[in-house]
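Visitor: So that you have it, the file is model.txt, and it contains compact mmCIF, C-alpha atoms:
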# COMPACT_ATOMS: atom_id res chain seq x y z
CA MET A 74 0.00 0.00 0.00
CA SER A 75 1.25 3.50 -0.81
CA GLN A 76 2.30 5.71 2.07
CA SER A 77 -0.17 8.39 3.06
CA PHE A 78 0.64 12.05 2.44
CA ASP A 79 -1.29 15.30 2.23
CA THR A 80 -2.14 15.80 -1.44
CA SER A 81 -2.95 19.50 -0.99
CA ARG A 82 0.43 20.63 0.42
CA SER A 83 3.93 19.37 1.09
CA LEU A 84 4.82 18.45 4.66
CA THR A 85 8.57 18.57 3.95
CA ALA A 86 10.30 21.90 4.60
CA LEU A 87 11.60 23.53 1.42
CA GLU A 88 15.24 24.69 1.44
CA GLN A 89 15.25 26.52 -1.87
CA ASP A 90 18.99 27.34 -1.79
CA ASN A 91 19.79 23.60 -1.79
CA THR A 92 16.94 22.29 -3.97
CA ILE A 93 16.51 22.00 -7.72
CA ILE A 94 12.84 22.39 -8.60
CA ALA A 95 11.79 21.15 -12.05
CA VAL A 96 8.53 20.66 -13.92
CA ILE A 97 7.93 18.71 -17.12
CA GLU A 98 5.41 19.40 -19.87
CA MET A 99 5.12 15.96 -21.46
CA SER A 100 4.09 14.81 -24.91
CA LYS A 101 4.59 11.57 -26.80
CA ALA A 102 7.77 12.63 -28.60
CA LYS A 103 9.24 15.55 -26.63
CA TRP A 104 9.44 16.79 -23.04
CA LEU A 105 9.86 20.46 -22.12
CA VAL A 106 11.69 20.76 -18.79
CA ALA A 107 11.74 24.02 -16.82
CA ALA A 108 13.71 24.43 -13.60
CA LEU A 109 14.77 26.72 -10.79
CA VAL A 110 18.47 26.03 -10.11
CA PRO A 111 20.16 27.65 -7.10
CA GLY A 112 23.01 29.91 -8.12
CA LEU A 113 21.83 30.42 -11.69
CA LYS A 114 20.34 33.77 -12.68
CA ARG A 115 18.59 32.28 -15.65
CA GLN A 116 15.67 29.88 -15.35
CA PRO A 117 16.67 26.87 -17.50
CA LEU A 118 14.18 25.69 -20.11
CA LYS A 119 15.20 22.66 -22.14
CA LYS A 120 13.35 20.51 -24.68
CA ILE A 121 14.53 16.90 -24.76
CA ASP A 122 13.40 13.62 -26.28
CA ALA A 123 10.81 11.67 -24.28
CA ASP A 124 13.50 9.63 -22.58
CA ALA A 125 13.97 9.11 -18.84
CA PRO A 126 17.80 8.67 -18.91
CA ALA A 127 18.07 11.93 -20.88
CA LEU A 128 16.00 13.66 -18.19
CA LEU A 129 18.21 12.26 -15.44
CA LYS A 130 21.33 13.40 -17.30
CA LEU A 131 19.86 16.91 -17.60
CA LEU A 132 19.05 17.09 -13.89
CA GLN A 133 22.56 15.93 -13.00
CA ARG A 134 24.05 18.60 -15.29
CA TRP A 135 22.03 21.29 -13.49
CA ARG A 136 23.22 19.87 -10.15
CA ASP A 137 26.82 20.22 -11.29
CA GLU A 138 26.18 23.81 -12.42
CA ALA A 139 24.68 24.65 -9.03
CA GLY A 140 27.71 23.10 -7.32
CA ARG A 141 30.08 25.25 -9.37
CA ALA A 142 28.01 28.29 -8.30
CA GLY A 143 28.61 27.40 -4.64
CA HIS A 144 25.35 25.61 -3.81
CA THR A 145 25.38 22.00 -2.55
CA ILE A 146 22.23 20.32 -3.86
CA LYS A 147 20.57 18.12 -1.26
CA ARG A 148 17.25 17.56 -3.03
CA ILE A 149 15.84 17.48 -6.55
CA ALA A 150 12.03 17.84 -6.77
CA VAL A 151 10.33 17.08 -10.09
CA ALA A 152 6.64 17.29 -10.99
CA TYR A 153 4.53 16.65 -14.08
CA GLU A 154 0.85 16.40 -14.85
CA ALA A 155 -0.71 12.98 -14.30
CA ALA A 156 -1.99 11.99 -17.73
CA GLY A 157 -1.63 9.24 -20.31
CA ASP A 158 1.96 8.43 -19.32
CA GLY A 159 0.76 7.28 -15.93
CA PHE A 160 3.11 7.03 -12.96
CA TRP A 161 6.04 5.03 -14.33
CA LEU A 162 8.29 8.11 -14.60
CA ALA A 163 7.65 9.10 -10.98
CA ARG A 164 8.54 5.59 -9.80
CA TRP A 165 11.65 5.56 -12.00
CA LEU A 166 12.85 8.94 -10.72
CA ARG A 167 12.23 7.95 -7.10
CA ALA A 168 14.29 4.84 -7.64
CA HIS A 169 17.16 7.19 -8.66
CA GLY A 170 16.88 9.32 -5.52
CA ILE A 171 14.72 12.14 -6.91
CA ASP A 172 11.51 13.40 -5.31
CA ALA A 173 8.93 12.97 -8.07
CA TYR A 174 5.28 14.00 -7.97
CA ALA A 175 2.29 13.80 -10.32
CA ILE A 176 -0.02 16.83 -10.32
CA HIS A 177 -3.76 16.50 -10.87
CA PRO A 178 -4.27 18.51 -14.11
CA SER A 179 -7.66 19.83 -12.99
CA SER A 180 -6.17 21.26 -9.79
CA VAL A 181 -3.84 23.71 -11.56
CA PRO A 182 -5.47 27.19 -11.67
CA VAL A 183 -5.62 28.76 -15.14
CA SER A 184 -6.73 32.09 -16.55
CA ARG A 185 -10.50 32.51 -17.00
CA GLU A 186 -10.15 34.66 -20.11
CA HIS A 187 -12.41 33.63 -22.97
CA ARG A 188 -9.39 33.19 -25.23
CA ARG A 189 -6.01 32.73 -23.65
CA ALA A 190 -2.63 31.90 -25.05
CA LYS A 191 -1.61 28.29 -24.46
CA THR A 192 1.86 27.01 -25.26
CA ASP A 193 4.15 24.45 -23.66
CA ARG A 194 6.30 27.26 -22.26
CA LEU A 195 3.28 28.95 -20.63
CA ASP A 196 2.12 25.59 -19.30
CA THR A 197 5.49 25.05 -17.60
CA GLU A 198 5.13 28.47 -15.95
CA LEU A 199 1.71 27.51 -14.58
CA LEU A 200 3.04 24.17 -13.34
CA MET A 201 6.07 25.82 -11.72
CA ARG A 202 3.91 28.39 -9.92
CA ALA A 203 1.57 25.70 -8.59
CA PHE A 204 4.40 23.31 -7.68
CA LEU A 205 6.35 25.99 -5.81
CA GLY A 206 3.31 26.86 -3.70
CA TRP A 207 2.75 23.19 -2.92
CA LEU A 208 6.39 22.69 -1.89
CA ARG A 209 6.22 25.71 0.41
CA GLY A 210 3.34 24.05 2.27
CA GLU A 211 0.68 26.49 1.07
CA LYS A 212 -2.69 24.81 0.66
CA ARG A 213 -4.79 24.69 -2.52
CA HIS A 214 -2.06 25.65 -4.98
CA CYS A 215 -2.52 22.24 -6.59
CA SER A 216 -3.25 18.66 -5.64
CA MET A 217 -0.91 15.71 -6.02
CA ALA A 218 -1.83 12.18 -7.02
CA ALA A 219 -0.66 9.34 -4.81
CA ILE A 220 1.95 7.34 -6.74
CA PRO A 221 0.83 3.68 -6.81
CA THR A 222 3.27 0.82 -6.80
CA LEU A 223 3.57 -1.46 -9.79
CA GLU A 224 1.70 -4.17 -7.87
CA GLU A 225 -1.16 -1.81 -7.02
CA GLU A 226 -1.52 -0.75 -10.65
CA ASP A 227 -1.46 -4.36 -11.82
CA ALA A 228 -4.14 -5.38 -9.28
CA ARG A 229 -6.61 -2.94 -10.89
CA ARG A 230 -6.22 -4.33 -14.40
CA PRO A 231 -8.62 -7.35 -14.23
CA ASN A 232 -11.59 -5.30 -13.00
CA ARG A 233 -10.97 -2.48 -15.49
CA GLU A 234 -10.49 -4.94 -18.35
CA ARG A 235 -13.72 -6.70 -17.43
CA GLY A 236 -15.55 -3.37 -17.43
CA THR A 237 -14.25 -2.66 -20.94
CA LEU A 238 -15.28 -6.12 -22.13
CA VAL A 239 -18.78 -5.77 -20.64
CA GLY A 240 -19.17 -2.50 -22.56
CA GLU A 241 -17.99 -4.22 -25.74
CA GLN A 242 -20.45 -7.07 -25.12
CA THR A 243 -23.32 -4.59 -24.79
CA ARG A 244 -22.26 -2.83 -27.99
CA LEU A 245 -22.19 -6.10 -29.96
CA ILE A 246 -25.58 -7.21 -28.63
CA ASN A 247 -27.16 -3.87 -29.53
CA ARG A 248 -25.63 -4.02 -33.00
CA VAL A 249 -27.04 -7.50 -33.69
CA LYS A 250 -30.47 -6.47 -32.42
CA ALA A 251 -30.41 -3.37 -34.63
CA ILE A 252 -29.58 -5.45 -37.72
CA LEU A 253 -32.38 -7.92 -37.01
CA ALA A 254 -34.86 -5.12 -36.28
CA ARG A 255 -34.44 -3.84 -39.84
CA PHE A 256 -35.96 -7.11 -41.04
CA GLY A 257 -38.75 -7.17 -38.47
CA VAL A 258 -37.09 -9.79 -36.23
CA ARG A 259 -37.41 -8.91 -32.54
CA SER A 260 -37.71 -12.24 -30.73
CA PHE A 261 -34.20 -13.64 -31.39
CA ARG A 262 -32.51 -14.58 -28.09
CA LEU A 263 -28.77 -13.91 -28.12
CA SER A 264 -28.33 -15.51 -24.69
CA LEU A 265 -28.83 -19.00 -26.16
CA ARG A 266 -25.69 -21.07 -26.74
CA GLN A 267 -26.97 -22.19 -30.16
CA ALA A 268 -27.78 -18.65 -31.26
CA ALA A 269 -25.49 -18.90 -34.29
CA ASP A 270 -27.09 -22.19 -35.40
CA ARG A 271 -30.56 -20.63 -35.29
CA LEU A 272 -29.71 -17.91 -37.80
CA GLU A 273 -30.59 -20.28 -40.65
CA SER A 274 -34.13 -20.71 -39.35
CA ILE A 275 -34.84 -17.00 -38.88
CA ARG A 276 -37.49 -15.55 -41.18
CA THR A 277 -38.02 -11.88 -41.92
CA ALA A 278 -41.36 -10.12 -41.56
CA GLU A 279 -42.02 -10.99 -45.23
CA GLY A 280 -41.46 -14.70 -44.46
CA THR A 281 -38.15 -14.98 -46.37
CA PRO A 282 -34.76 -16.12 -45.03
CA LEU A 283 -32.18 -13.50 -44.05
CA PRO A 284 -30.11 -12.22 -47.01
CA ASP A 285 -26.71 -13.89 -47.42
CA ASN A 286 -24.56 -10.83 -46.63
CA THR A 287 -26.63 -9.96 -43.58
CA ARG A 288 -26.44 -13.52 -42.27
CA ALA A 289 -22.66 -13.60 -42.80
CA GLU A 290 -22.31 -10.29 -40.94
CA LEU A 291 -24.38 -11.64 -38.05
CA TYR A 292 -22.19 -14.75 -37.87
CA ARG A 293 -19.11 -12.55 -37.50
CA PHE A 294 -20.78 -10.45 -34.80
CA LEU A 295 -21.75 -13.59 -32.88
CA GLU A 296 -18.18 -14.95 -33.13
CA ARG A 297 -16.87 -11.72 -31.59
CA LEU A 298 -19.59 -11.84 -28.94
CA ASN A 299 -18.65 -15.41 -27.98
CA LEU A 300 -14.99 -14.41 -27.76
CA VAL A 301 -15.79 -11.45 -25.49
CA ARG A 302 -17.96 -13.63 -23.25
CA ALA A 303 -15.22 -16.23 -23.01
CA GLN A 304 -12.71 -13.55 -21.98
CA ILE A 305 -15.09 -12.23 -19.31
CA ARG A 306 -15.51 -15.74 -17.91
CA ALA A 307 -11.74 -16.23 -17.91
CA ILE A 308 -11.19 -13.03 -15.91
CA GLU A 309 -13.89 -13.98 -13.38
CA GLN A 310 -12.55 -17.53 -12.95
CA GLU A 311 -8.99 -16.29 -12.52
CA ARG A 312 -10.13 -13.81 -9.85
CA LEU A 313 -11.91 -16.56 -7.91
CA ARG A 314 -8.85 -18.78 -8.21
CA ARG A 315 -6.56 -16.07 -6.84
CA LEU A 316 -8.95 -15.30 -3.98
CA ALA A 317 -9.04 -18.97 -3.03
CA ALA A 318 -5.26 -19.40 -3.30
CA ALA A 319 -4.23 -16.15 -1.60
CA PRO A 320 -3.23 -16.28 2.08
CA ALA A 321 -5.71 -14.87 4.57
CA ALA A 322 -3.21 -12.17 5.57
CA ALA A 323 -3.08 -10.68 2.07
CA ASN A 324 -4.49 -7.20 2.60
CA GLY A 325 -6.34 -6.67 -0.70
CA HIS A 326 -7.75 -10.20 -0.90
CA ALA A 327 -8.78 -10.09 2.77
CA MET A 328 -10.74 -6.88 2.12
CA VAL A 329 -12.47 -8.43 -0.90
CA ARG A 330 -13.50 -11.49 1.13
CA LEU A 331 -14.71 -9.27 3.96
CA LEU A 332 -16.82 -7.04 1.71
CA ALA A 333 -18.30 -10.01 -0.16
CA ARG A 334 -19.72 -11.27 3.14
CA ILE A 335 -22.26 -8.41 3.14
CA ILE A 336 -25.56 -9.48 1.61
CA GLY A 337 -26.04 -7.58 -1.66
CA ILE A 338 -22.34 -7.09 -2.48
CA GLY A 339 -20.82 -9.55 -4.94
CA VAL A 340 -17.19 -10.38 -5.61
CA GLU A 341 -17.08 -8.10 -8.67
CA THR A 342 -18.22 -5.00 -6.76
CA ALA A 343 -16.03 -5.86 -3.77
CA ASP A 344 -12.97 -6.26 -6.00
CA MET A 345 -13.61 -2.92 -7.72
CA LEU A 346 -14.09 -1.03 -4.44
CA VAL A 347 -11.04 -2.52 -2.77
CA HIS A 348 -8.57 -1.90 -5.59
CA GLU A 349 -9.97 1.47 -6.67
CA ILE A 350 -10.50 3.17 -3.30
CA LEU A 351 -10.67 1.12 -0.08
CA SER A 352 -7.03 -0.04 -0.18
CA ARG A 353 -5.84 3.57 -0.55
CA PRO A 354 -4.48 5.29 2.58
CA LEU A 355 -7.18 7.96 2.66
CA ARG A 356 -7.09 10.38 5.57
CA ASP A 357 -10.71 10.52 6.75
CA ARG A 358 -14.33 10.10 5.67
CA ARG A 359 -14.29 13.42 3.81
CA ALA A 360 -11.34 12.27 1.74
CA VAL A 361 -13.18 9.01 0.95
CA ALA A 362 -16.29 10.83 -0.32
CA ARG A 363 -14.19 13.40 -2.19
CA TYR A 364 -12.13 10.74 -3.97
CA ALA A 365 -15.33 9.14 -5.27
CA GLY A 366 -16.71 12.50 -6.45
CA LEU A 367 -19.76 12.11 -4.20
CA THR A 368 -19.42 15.49 -2.51
CA GLY A 369 -21.46 18.57 -3.35
CA SER A 370 -20.38 21.64 -5.29
CA PRO A 371 -21.96 24.70 -3.61
CA ASP A 372 -22.23 28.00 -5.44
CA GLU A 373 -22.35 30.89 -2.98
CA SER A 374 -21.84 34.57 -3.80
CA GLY A 375 -23.46 37.42 -1.91
CA GLN A 376 -27.07 36.47 -1.26
CA ARG A 377 -27.04 33.65 -3.80
CA ARG A 378 -27.03 30.18 -2.33
CA ARG A 379 -27.45 27.11 -4.48
CA GLU A 380 -26.07 23.60 -4.99
CA LYS A 381 -24.78 22.61 -8.42
CA GLY A 382 -24.86 18.86 -7.77
CA LEU A 383 -22.10 16.28 -7.47
CA ALA A 384 -18.53 17.48 -7.91
CA ARG A 385 -17.69 14.50 -10.17
CA ALA A 386 -14.01 15.23 -9.67
CA GLY A 387 -13.07 11.82 -8.34
CA ASN A 388 -12.94 8.24 -9.57
CA ALA A 389 -15.80 7.73 -12.04
CA ARG A 390 -15.68 3.93 -11.69
CA VAL A 391 -16.22 4.16 -7.94
CA ARG A 392 -18.98 6.75 -8.34
CA ARG A 393 -20.94 4.68 -10.89
CA GLY A 394 -20.43 1.50 -8.90
CA MET A 395 -21.57 3.09 -5.63
CA ILE A 396 -24.75 4.54 -7.16
CA GLN A 397 -25.66 1.11 -8.55
CA LEU A 398 -24.75 -0.52 -5.23
CA ALA A 399 -26.89 1.98 -3.31
CA TRP A 400 -30.03 0.89 -5.20
CA ARG A 401 -29.12 -2.77 -4.72
CA PHE A 402 -28.29 -2.23 -1.05
CA PHE A 403 -31.74 -0.73 -0.44
CA LEU A 404 -33.31 -3.95 -1.81
CA PHE A 405 -31.13 -6.47 0.06
CA GLN A 406 -30.64 -4.59 3.35
CA LYS A 407 -34.07 -3.05 3.99
CA ASP A 408 -33.75 -3.36 7.76
CA SER A 409 -30.40 -1.59 8.01
CA ASP A 410 -30.14 1.90 9.47
CA LEU A 411 -28.95 3.30 6.14
CA ALA A 412 -31.93 1.87 4.26
CA GLN A 413 -34.32 3.16 6.93
CA TRP A 414 -32.68 6.59 6.71
CA PHE A 415 -33.18 6.61 2.92
CA GLN A 416 -36.79 5.44 3.20
CA ALA A 417 -37.67 8.12 5.77
CA ARG A 418 -36.37 10.90 3.54
CA THR A 419 -38.07 9.65 0.37
CA SER A 420 -41.50 8.97 1.86
CA ASP A 421 -43.06 11.72 -0.27
CA GLY A 422 -42.77 9.36 -3.27
CA ARG A 423 -41.31 11.96 -5.62
CA LYS A 424 -38.81 10.61 -8.15
CA THR A 425 -36.63 13.70 -7.89
CA THR A 426 -36.29 13.19 -4.14
CA ARG A 427 -35.26 9.56 -4.57
CA LYS A 428 -32.74 10.52 -7.25
CA THR A 429 -31.17 13.13 -4.99
CA MET A 430 -31.15 11.02 -1.85
CA ILE A 431 -29.69 7.95 -3.55
CA MET A 432 -26.50 10.00 -4.05
CA ALA A 433 -26.46 10.77 -0.33
CA LEU A 434 -27.05 7.08 0.43
CA ALA A 435 -24.17 6.11 -1.88
CA ARG A 436 -21.87 8.52 -0.01
CA LYS A 437 -22.93 7.27 3.42
CA LEU A 438 -22.65 3.65 2.28
CA LEU A 439 -19.14 4.17 0.90
CA ILE A 440 -17.98 5.71 4.18
CA ALA A 441 -19.60 2.85 6.13
CA LEU A 442 -17.83 0.26 3.94
CA TRP A 443 -14.52 2.09 4.39
CA ARG A 444 -14.93 1.94 8.17
CA PHE A 445 -15.95 -1.72 7.90
CA VAL A 446 -12.78 -2.85 6.08
CA THR A 447 -10.36 -0.55 7.93
CA ALA A 448 -11.70 -0.51 11.49
CA GLY A 449 -14.03 -3.51 11.54
CA GLU A 450 -17.14 -1.39 12.30
CA VAL A 451 -20.16 -3.29 10.97
CA PRO A 452 -22.87 -0.86 9.75
CA GLN A 453 -25.92 -0.92 12.01
CA GLY A 454 -28.53 -3.45 10.91
CA VAL A 455 -26.48 -4.81 7.99
CA ILE A 456 -26.71 -8.58 7.49
CA VAL A 457 -23.30 -10.20 7.15
CA ARG A 458 -22.69 -13.80 6.13
CA ALA A 459 -20.76 -16.05 8.48
CA ALA A 460 -17.04 -16.28 7.77
What do you get writing this file as structure tokens?
Guide:
Amino acid sequence: MSQSFDTSRSLTALEQDNTIIAVIEMSKAKWLVAALVPGLKRQPLKKIDADAPALLKLLQRWRDEAGRAGHTIKRIAVAYEAAGDGFWLARWLRAHGIDAYAIHPSSVPVSREHRRAKTDRLDTELLMRAFLGWLRGEKRHCSMAAIPTLEEEDARRPNRERGTLVGEQTRLINRVKAILARFGVRSFRLSLRQAADRLESIRTAEGTPLPDNTRAELYRFLERLNLVRAQIRAIEQERLRRLAAAPAAANGHAMVRLLARIIGIGVETADMLVHEILSRPLRDRRAVARYAGLTGSPDESGQRRREKGLARAGNARVRRGMIQLAWRFFLFQKDSDLAQWFQARTSDGRKTTRKTMIMALARKLLIALWRFVTAGEVPQGVIVRAA
């Protein structure tokens, strides 16, 4: 598990006379590196190939220049925006003794002008300003992402891959149904194992067999659908095998087993929650709700007071999963305190009230599950299977 740290400000004192501070504006082919080097009047700005050893060589060159200017460098701090490159560079730099951080792109303040200039050089200036404020310990300059280990990143892959495959399965099913609907066929069941064999017996609304090209296209769609279903089954079977083979002391697997004991929560949902949020070293319940994007976004100015809805700034997978789980939890755990709380506040029967309060139930439920797996506090009235 990653070590906990305050994402909103640095807790390490900044000695700027002995620290090289660098930010990287990254692209697929080139990196633009800007730095503040003690002893140098200029602020270095260098474009290099997208290559980690070249970056390390550049940082070492700046360290030597600072040494010749009479400054002994004790720390090199590097930051870049967390994006498509992920966290491999931060892990690689940390392995070479450099403090590396990944900045949440949405947390960097930008100009609100309708049209503003945007270049890589200007972006490095924005990153440097935000990074400097964060290093000084000033809050809300920017927010850092927790750098996951390679094992933590790999543990999330099965659930995310399964989610992608389920989406692909839905797309293929809808495509086949749309093709058949053009010929007036609406009763064909794709869930049958012999669905492909039944294509020959299908008759259009006019009573004729399906045209040859259409039937061939449907065969290819069904082949892809069978492949996707087989891959989904393989992922699910491999997860069950690993859960059965893992030692009881394994933290992630123990959390999955513990969550799956609650009536209404399956292994799939438990696995997603554990690897996406519950295994993270989050500070408190507010941090848990904020990470899932289940907090409000108030808009207050002068006498105006209104709520703009969910912030949606967190993990979208967790947010979608918790909203679905909240509806399911209300069905399976009707006698729990959370379900009773939801029922009392939606007794007016209005759909808009239920839609609003289900978000609040999802937030409360997520916090209750976090306390359950971290502190062993069983939510009041929740039915738990025997171990």
Visitor: Segment 405-421 of chain A: which residues within 8 Å, counting all atoms listed in the file, same-chain residues fewer than 6 positions away excluded, as a list in words?
Guide: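 Answer for this query is Ile336, Gly337, Arg427, Met430, Ile431, Leu434, Lys437, Leu438, Pro452, Gln453, Gly454, Val455 and Ile456 of chain A.
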Visitor: For atom CA of Glu225 of chain A and atom CA of Ala163 of chain A, quote the distance in Å rounded to one decimal.
Guide: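 Taking atom CA of Glu225 of chain A as the start and atom CA of Ala163 of chain A as the end point, the length is 14.6 Å.
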Visitor: Using only C-alpha atoms, can you tell me which of A:Ala365, A:Leu283, A:Ala228, A:Leu300 comes closest to Asp344 of chain A?
Guide: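 Checking each candidate against Asp344 of chain A, we get A:Ala228 as the closest.
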Visitor: Pick from A:Thr287, A:Thr447, A:Ser81, A:Gln133: nearest to Ala251 of chain A, with all atoms listed in the file counted?
Guide: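 Selected residue with least distance to Ala251 of chain A: A:Thr287.
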Visitor: For Leu128 of chain A, which of A:Val151, A:Thr92, A:Arg385, A:Ala268 is the closest residue, counting all atoms listed in the file?
Guide: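 When distances to Leu128 of chain A are compared using all atoms listed in the file, the smallest one comes from A:Val151.
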Visitor: Find the residue from A:Ile94, A:Leu131, A:Ile121, A:Val391 that sits nearest to Glu349 of chain A; use all atoms listed in the file when measuring.
Guide: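 Ranked by minimum distance to Glu349 of chain A, first place goes to A:Val391.
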Visitor: Please identify all polymer residues within 9 Å of segment 313-321 of chain A, counting only C-alpha atoms, omitting same-chain residues fewer than 6 positions from it, and present them as a list of chain:residue names.
Guide: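 Answer for this query is A:Ala327, A:Val329, A:Arg330, A:Val340.
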Visitor: Counting only C-alpha atoms, which residues sit no farther than 10 Å from the position (6.3, 20.0, -25.7) in the file's frame? I'd like them as a ChimeraX atom specification.
Guide: /A:97-106,119-123,192-194,196-197
Visitor: Could you check the closest approach to Lys250 of chain A for each of A:Trp207, A:Trp135, A:Phe294, A:Tyr174 and tell me which residue wins, using all atoms listed in the file?
Guide: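 That would be A:Phe294, the residue with the smallest distance to Lys250 of chain A.
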Visitor: Suppose you want the space between atom CA of Val361 of chain A and atom CA of Ile440 of chain A; what is it in Å?
Guide: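 Calculated distance between atom CA of Val361 of chain A and atom CA of Ile440 of chain A is 6.7 Å.
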Visitor: Closest to Ala95 of chain A among A:Asn247, A:Ala203, A:Arg188, A:Pro178, using all atoms listed in the file?
Guide: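 Closest candidate: A:Ala203.
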Visitor: Measure the distance from atom CA of Gln116 of chain A to atom CA of Asp172 of chain A in Å and round it to one decimal.
Guide: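 Atom CA of Gln116 of chain A sits 19.7 Å away from atom CA of Asp172 of chain A.
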Visitor: Excluding same-chain residues fewer than 4 positions from Thr277 of chain A, what lies within 7 Å of it counting only C-alpha atoms, as a list in words?
Guide: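 My list of contacting residues is Phe256, Gly257, Val258, Thr281, Pro282 and Leu283 of chain A.
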Visitor: I want to know what sits within 12 Å of segment 184-186 of chain A, based on only C-alpha atoms, with residues of the same chain fewer than 5 positions away left out; could you give that as an mmCIF file with C-alpha atoms, in the coordinates of the input?
Guide:
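Result went into out-v1.cif, see below:
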data_model
loop_
_atom_site.group_PDB
_atom_site.id
_atom_site.type_symbol
_atom_site.label_atom_id
_atom_site.label_comp_id
_atom_site.auth_asym_id
_atom_site.auth_seq_id
_atom_site.Cartn_x
_atom_site.Cartn_y
_atom_site.Cartn_z
ATOM 1 C CA LYS A 191 -1.610 28.290 -24.460
ATOM 2 C CA LEU A 195 3.280 28.950 -20.630
ATOM 3 C CA ASP A 196 2.120 25.590 -19.300
ATOM 4 C CA LEU A 199 1.710 27.510 -14.580
#
Visitor: Find the spatial neighbours of Arg444 of chain A, counting only C-alpha atoms, within a cut-off of 10 Å - ignore same-chain residues fewer than 6 positions away - and output them as number ranges by chain.
Guide: A: 351, 357-358, 438, 450-452
Visitor: Please, can segment 178-194 of chain A be completed to N, CA and C atoms and returned as a PDB file, keeping the file's coordinate frame?
Guide:
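Output file out01.pdb is given in full below:
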ATOM      1  N   PRO A 178      -4.150  17.397 -13.142  1.00  0.00           N
ATOM      2  CA  PRO A 178      -4.270  18.510 -14.110  1.00  0.00           C
ATOM      3  C   PRO A 178      -5.396  19.483 -13.779  1.00  0.00           C
ATOM      4  N   SER A 179      -6.523  18.965 -13.275  1.00  0.00           N
ATOM      5  CA  SER A 179      -7.660  19.830 -12.990  1.00  0.00           C
ATOM      6  C   SER A 179      -7.455  20.719 -11.772  1.00  0.00           C
ATOM      7  N   SER A 180      -6.406  20.470 -10.993  1.00  0.00           N
ATOM      8  CA  SER A 180      -6.170  21.260  -9.790  1.00  0.00           C
ATOM      9  C   SER A 180      -5.271  22.461 -10.035  1.00  0.00           C
ATOM     10  N   VAL A 181      -4.728  22.589 -11.240  1.00  0.00           N
ATOM     11  CA  VAL A 181      -3.840  23.710 -11.560  1.00  0.00           C
ATOM     12  C   VAL A 181      -4.701  24.900 -11.993  1.00  0.00           C
ATOM     13  N   PRO A 182      -4.651  26.032 -11.286  1.00  0.00           N
ATOM     14  CA  PRO A 182      -5.470  27.190 -11.670  1.00  0.00           C
ATOM     15  C   PRO A 182      -4.996  27.801 -12.985  1.00  0.00           C
ATOM     16  N   VAL A 183      -5.940  28.159 -13.846  1.00  0.00           N
ATOM     17  CA  VAL A 183      -5.620  28.760 -15.140  1.00  0.00           C
ATOM     18  C   VAL A 183      -6.429  30.042 -15.301  1.00  0.00           C
ATOM     19  N   SER A 184      -6.036  30.839 -16.279  1.00  0.00           N
ATOM     20  CA  SER A 184      -6.730  32.090 -16.550  1.00  0.00           C
ATOM     21  C   SER A 184      -8.153  31.799 -17.021  1.00  0.00           C
ATOM     22  N   ARG A 185      -9.105  32.675 -16.623  1.00  0.00           N
ATOM     23  CA  ARG A 185     -10.500  32.510 -17.000  1.00  0.00           C
ATOM     24  C   ARG A 185     -10.866  33.355 -18.213  1.00  0.00           C
ATOM     25  N   GLU A 186      -9.867  33.890 -18.906  1.00  0.00           N
ATOM     26  CA  GLU A 186     -10.150  34.660 -20.110  1.00  0.00           C
ATOM     27  C   GLU A 186     -10.817  33.778 -21.161  1.00  0.00           C
ATOM     28  N   HIS A 187     -11.688  34.400 -21.956  1.00  0.00           N
ATOM     29  CA  HIS A 187     -12.410  33.630 -22.970  1.00  0.00           C
ATOM     30  C   HIS A 187     -11.438  32.971 -23.950  1.00  0.00           C
ATOM     31  N   ARG A 188     -10.452  33.729 -24.377  1.00  0.00           N
ATOM     32  CA  ARG A 188      -9.390  33.190 -25.230  1.00  0.00           C
ATOM     33  C   ARG A 188      -8.053  33.517 -24.588  1.00  0.00           C
ATOM     34  N   ARG A 189      -7.304  32.512 -24.273  1.00  0.00           N
ATOM     35  CA  ARG A 189      -6.010  32.730 -23.650  1.00  0.00           C
ATOM     36  C   ARG A 189      -4.934  31.994 -24.421  1.00  0.00           C
ATOM     37  N   ALA A 190      -3.767  32.559 -24.386  1.00  0.00           N
ATOM     38  CA  ALA A 190      -2.630  31.900 -25.050  1.00  0.00           C
ATOM     39  C   ALA A 190      -2.284  30.620 -24.314  1.00  0.00           C
ATOM     40  N   LYS A 191      -1.986  29.570 -25.057  1.00  0.00           N
ATOM     41  CA  LYS A 191      -1.610  28.290 -24.460  1.00  0.00           C
ATOM     42  C   LYS A 191      -0.468  27.687 -25.267  1.00  0.00           C
ATOM     43  N   THR A 192       0.692  27.639 -24.660  1.00  0.00           N
ATOM     44  CA  THR A 192       1.860  27.010 -25.260  1.00  0.00           C
ATOM     45  C   THR A 192       2.524  26.132 -24.202  1.00  0.00           C
ATOM     46  N   ASP A 193       3.439  25.287 -24.624  1.00  0.00           N
ATOM     47  CA  ASP A 193       4.150  24.450 -23.660  1.00  0.00           C
ATOM     48  C   ASP A 193       4.938  25.305 -22.676  1.00  0.00           C
ATOM     49  N   ARG A 194       5.526  26.399 -23.150  1.00  0.00           N
ATOM     50  CA  ARG A 194       6.300  27.260 -22.260  1.00  0.00           C
ATOM     51  C   ARG A 194       5.390  27.887 -21.197  1.00  0.00           C
TER      52      ARG A 194
END
